[in-house]
Amino acid sequence: MREGMLWFDNSEQRDIDAKISRAVEYYQAKYGVRPTLCFVHPTMILGSSLMWEGMELRGTNSVLPNHFWLGTGEEAKITAA
(Lines give C-alpha, C1' and ligand atoms only; values in the text may rest on other atoms or scores of the structure.)
Protein backbone atom coordinates (compact mmCIF):
# COMPACT_ATOMS: atom_id res chain seq x y z
CA MET A 1 0.00 0.00 0.00
CA ARG A 2 1.49 3.33 -1.03
CA GLU A 3 -1.21 5.62 0.33
CA GLY A 4 -3.75 5.12 3.05
CA MET A 5 -5.92 6.65 5.70
CA LEU A 6 -5.11 6.40 9.40
CA TRP A 7 -8.13 5.87 11.65
CA PHE A 8 -8.12 6.01 15.46
CA ASP A 9 -10.75 4.43 17.68
CA ASN A 10 -10.06 3.68 21.34
CA SER A 11 -13.68 3.20 22.38
CA GLU A 12 -14.10 0.49 24.96
CA GLN A 13 -17.79 0.09 24.00
CA ARG A 14 -16.98 -1.15 20.45
CA ASP A 15 -15.30 -4.42 19.52
CA ILE A 16 -12.74 -4.61 16.72
CA ASP A 17 -15.41 -5.52 14.13
CA ALA A 18 -17.39 -2.37 14.89
CA LYS A 19 -14.23 -0.24 14.85
CA ILE A 20 -13.14 -1.59 11.47
CA SER A 21 -16.66 -1.27 10.08
CA ARG A 22 -16.79 2.44 10.99
CA ALA A 23 -13.35 3.03 9.48
CA VAL A 24 -14.30 1.24 6.25
CA GLU A 25 -17.57 3.19 5.95
CA TYR A 26 -15.74 6.50 6.37
CA TYR A 27 -12.99 5.51 3.92
CA GLN A 28 -15.52 4.45 1.30
CA ALA A 29 -17.56 7.64 1.69
CA LYS A 30 -14.46 9.83 1.48
CA TYR A 31 -12.56 8.11 -1.35
CA GLY A 32 -15.37 6.40 -3.26
CA VAL A 33 -13.77 2.94 -3.10
CA ARG A 34 -13.72 0.20 -0.53
CA PRO A 35 -10.35 -0.45 1.11
CA THR A 36 -8.80 -3.86 0.48
CA LEU A 37 -6.05 -3.76 3.07
CA CYS A 38 -5.87 -2.70 6.71
CA PHE A 39 -2.79 -2.66 8.94
CA VAL A 40 -3.32 -2.93 12.70
CA HIS A 41 -1.13 -3.57 15.73
CA PRO A 42 -0.57 -7.34 16.13
CA THR A 43 -2.20 -7.33 19.57
CA MET A 44 -5.51 -6.41 17.94
CA ILE A 45 -5.78 -9.58 15.84
CA LEU A 46 -5.04 -13.23 16.39
CA GLY A 47 -2.17 -14.06 14.08
CA SER A 48 -0.34 -12.00 11.53
CA SER A 49 -2.95 -11.85 8.76
CA LEU A 50 -6.64 -12.61 8.25
CA MET A 51 -9.61 -11.60 6.13
CA TRP A 52 -12.44 -9.34 7.29
CA GLU A 53 -15.40 -9.03 4.90
CA GLY A 54 -13.13 -9.24 1.84
CA MET A 55 -10.44 -6.97 3.26
CA GLU A 56 -7.08 -8.29 4.40
CA LEU A 57 -6.01 -7.41 7.94
CA ARG A 58 -2.29 -7.48 8.60
CA GLY A 59 -0.57 -7.08 11.93
CA THR A 60 2.44 -4.76 12.11
CA ASN A 61 4.31 -3.09 14.92
CA SER A 62 4.45 0.07 12.79
CA VAL A 63 0.83 0.83 13.71
CA LEU A 64 -0.03 1.73 17.29
CA PRO A 65 -2.84 -0.05 19.17
CA ASN A 66 -6.33 1.33 18.41
CA HIS A 67 -5.12 2.70 15.04
CA PHE A 68 -6.18 1.35 11.66
CA TRP A 69 -4.25 2.12 8.46
CA LEU A 70 -6.62 1.48 5.56
CA GLY A 71 -6.02 1.59 1.84
CA THR A 72 -5.96 -0.46 -1.30
CA GLY A 73 -3.31 -3.14 -1.61
CA GLU A 74 -1.32 -3.74 -4.73
CA GLU A 75 -3.18 -6.18 -6.93
CA ALA A 76 -1.51 -9.48 -7.63
CA LYS A 77 -0.37 -9.87 -11.22
CA ILE A 78 -2.15 -12.69 -13.01
CA THR A 79 -0.05 -14.52 -15.56
CA ALA A 80 -1.37 -16.96 -18.10
CA ALA A 81 0.28 -20.35 -18.09
# chains A, B, ... in the order shown; residues from 1 in each chain; ligands from 1

call {"tool": "residues_around", "arguments": {"residues": "Asp9 in chain A", "least_positions_apart": "2", "cutoff": "7 Å", "atoms": "only C-alpha atoms", "output": "count of residues only"}}
result
5

call {"tool": "residues_around", "arguments": {"residues": "Ile16 in chain A", "least_positions_apart": "3", "cutoff": "12 Å", "atoms": "only C-alpha atoms", "output": "PDB file with N, CA and C atoms, in the first residue's frame"}}
result
ATOM      1  N   PHE A   8      -8.328   6.276  14.038  1.00  0.00           N
ATOM      2  CA  PHE A   8      -8.117   6.010  15.458  1.00  0.00           C
ATOM      3  C   PHE A   8      -9.449   5.782  16.140  1.00  0.00           C
ATOM      4  N   ASP A   9      -9.537   4.716  16.924  1.00  0.00           N
ATOM      5  CA  ASP A   9     -10.752   4.430  17.677  1.00  0.00           C
ATOM      6  C   ASP A   9     -10.363   3.666  18.938  1.00  0.00           C
ATOM      7  N   ASN A  10     -10.409   4.338  20.081  1.00  0.00           N
ATOM      8  CA  ASN A  10     -10.060   3.677  21.338  1.00  0.00           C
ATOM      9  C   ASN A  10     -11.280   3.430  22.231  1.00  0.00           C
ATOM     10  N   SER A  11     -12.451   3.429  21.621  1.00  0.00           N
ATOM     11  CA  SER A  11     -13.682   3.204  22.377  1.00  0.00           C
ATOM     12  C   SER A  11     -13.683   1.816  23.005  1.00  0.00           C
ATOM     13  N   GLU A  12     -13.995   1.766  24.274  1.00  0.00           N
ATOM     14  CA  GLU A  12     -14.100   0.488  24.959  1.00  0.00           C
ATOM     15  C   GLU A  12     -15.470  -0.150  24.755  1.00  0.00           C
ATOM     16  N   GLN A  13     -16.441   0.614  24.228  1.00  0.00           N
ATOM     17  CA  GLN A  13     -17.785   0.088  24.000  1.00  0.00           C
ATOM     18  C   GLN A  13     -17.886  -0.680  22.675  1.00  0.00           C
ATOM     19  N   LYS A  19     -15.231  -1.272  15.126  1.00  0.00           N
ATOM     20  CA  LYS A  19     -14.232  -0.237  14.847  1.00  0.00           C
ATOM     21  C   LYS A  19     -13.816  -0.268  13.379  1.00  0.00           C
ATOM     22  N   ILE A  20     -13.540  -1.469  12.875  1.00  0.00           N
ATOM     23  CA  ILE A  20     -13.141  -1.594  11.472  1.00  0.00           C
ATOM     24  C   ILE A  20     -14.285  -1.199  10.554  1.00  0.00           C
ATOM     25  N   SER A  21     -15.490  -1.602  10.891  1.00  0.00           N
ATOM     26  CA  SER A  21     -16.657  -1.274  10.078  1.00  0.00           C
ATOM     27  C   SER A  21     -16.827   0.244   9.942  1.00  0.00           C
ATOM     28  N   ARG A  22     -16.676   0.972  11.035  1.00  0.00           N
ATOM     29  CA  ARG A  22     -16.792   2.437  10.992  1.00  0.00           C
ATOM     30  C   ARG A  22     -15.692   3.041  10.129  1.00  0.00           C
ATOM     31  N   ALA A  23     -14.476   2.519  10.272  1.00  0.00           N
ATOM     32  CA  ALA A  23     -13.351   3.031   9.477  1.00  0.00           C
ATOM     33  C   ALA A  23     -13.568   2.771   7.992  1.00  0.00           C
ATOM     34  N   VAL A  40      -3.006  -3.168  11.300  1.00  0.00           N
ATOM     35  CA  VAL A  40      -3.322  -2.927  12.701  1.00  0.00           C
ATOM     36  C   VAL A  40      -2.165  -3.440  13.548  1.00  0.00           C
ATOM     37  N   HIS A  41      -2.143  -3.046  14.809  1.00  0.00           N
ATOM     38  CA  HIS A  41      -1.134  -3.565  15.729  1.00  0.00           C
ATOM     39  C   HIS A  41      -1.405  -5.056  15.940  1.00  0.00           C
ATOM     40  N   THR A  43      -1.412  -6.959  18.394  1.00  0.00           N
ATOM     41  CA  THR A  43      -2.199  -7.333  19.572  1.00  0.00           C
ATOM     42  C   THR A  43      -3.702  -7.232  19.323  1.00  0.00           C
ATOM     43  N   MET A  44      -4.089  -6.601  18.226  1.00  0.00           N
ATOM     44  CA  MET A  44      -5.512  -6.413  17.944  1.00  0.00           C
ATOM     45  C   MET A  44      -6.124  -7.570  17.162  1.00  0.00           C
ATOM     46  N   ILE A  45      -5.275  -8.430  16.597  1.00  0.00           N
ATOM     47  CA  ILE A  45      -5.784  -9.578  15.841  1.00  0.00           C
ATOM     48  C   ILE A  45      -5.062 -10.837  16.307  1.00  0.00           C
ATOM     49  N   LEU A  46      -5.672 -11.949  16.085  1.00  0.00           N
ATOM     50  CA  LEU A  46      -5.039 -13.228  16.394  1.00  0.00           C
ATOM     51  C   LEU A  46      -4.276 -13.674  15.155  1.00  0.00           C
ATOM     52  N   TRP A  52     -11.275  -9.912   6.623  1.00  0.00           N
ATOM     53  CA  TRP A  52     -12.443  -9.336   7.289  1.00  0.00           C
ATOM     54  C   TRP A  52     -13.338  -8.768   6.198  1.00  0.00           C
ATOM     55  N   LEU A  57      -6.553  -8.061   6.741  1.00  0.00           N
ATOM     56  CA  LEU A  57      -6.014  -7.413   7.939  1.00  0.00           C
ATOM     57  C   LEU A  57      -4.618  -7.960   8.164  1.00  0.00           C
ATOM     58  N   PRO A  65      -1.541   0.510  18.789  1.00  0.00           N
ATOM     59  CA  PRO A  65      -2.841  -0.049  19.166  1.00  0.00           C
ATOM     60  C   PRO A  65      -3.955   0.993  19.004  1.00  0.00           C
ATOM     61  N   ASN A  66      -5.128   0.516  18.635  1.00  0.00           N
ATOM     62  CA  ASN A  66      -6.329   1.333  18.408  1.00  0.00           C
ATOM     63  C   ASN A  66      -6.237   2.217  17.169  1.00  0.00           C
ATOM     64  N   HIS A  67      -5.255   1.983  16.316  1.00  0.00           N
ATOM     65  CA  HIS A  67      -5.116   2.696  15.042  1.00  0.00           C
ATOM     66  C   HIS A  67      -5.334   1.695  13.916  1.00  0.00           C
ATOM     67  N   PHE A  68      -5.890   2.175  12.825  1.00  0.00           N
ATOM     68  CA  PHE A  68      -6.175   1.345  11.658  1.00  0.00           C
ATOM     69  C   PHE A  68      -5.677   2.103  10.430  1.00  0.00           C
TER      70      PHE A  68
END

call {"tool": "closest_residue", "arguments": {"among": "A:Phe39, A:Val33, A:Ala18, A:Leu6", "to": "Asn61 in chain A", "atoms": "only C-alpha atoms"}}
result
A:Phe39

call {"tool": "closest_residue", "arguments": {"among": "A:Leu50, A:Leu37, A:Met5, A:Met55", "to": "Gly73 in chain A", "atoms": "only C-alpha atoms"}}
result
A:Leu37

call {"tool": "select_by_dssp", "arguments": {"residues": "chain A", "states": "strand (DSSP E)", "output": "PyMOL selection string"}}
result
chain A and resi 5-8+37-40+49-52+55-59+67-71

call {"tool": "atom_distance", "arguments": {"atom1": "CA of Glu25 in chain A", "atom2": "CA of Gly59 in chain A"}}
result
20.7 Å

call {"tool": "select_by_dssp", "arguments": {"residues": "range 14-59 of chain A", "states": "alpha helix (DSSP H)", "output": "number ranges by chain"}}
result
A: 16-31

call {"tool": "residues_around", "arguments": {"residues": "Pro35 in chain A", "least_positions_apart": "3", "cutoff": "10 Å", "atoms": "only C-alpha atoms", "output": "JSON, numbers by chain"}}
result
{"A": [4, 5, 23, 24, 25, 27, 28, 31, 32, 38, 54, 55, 56, 69, 70, 71, 72, 73]}
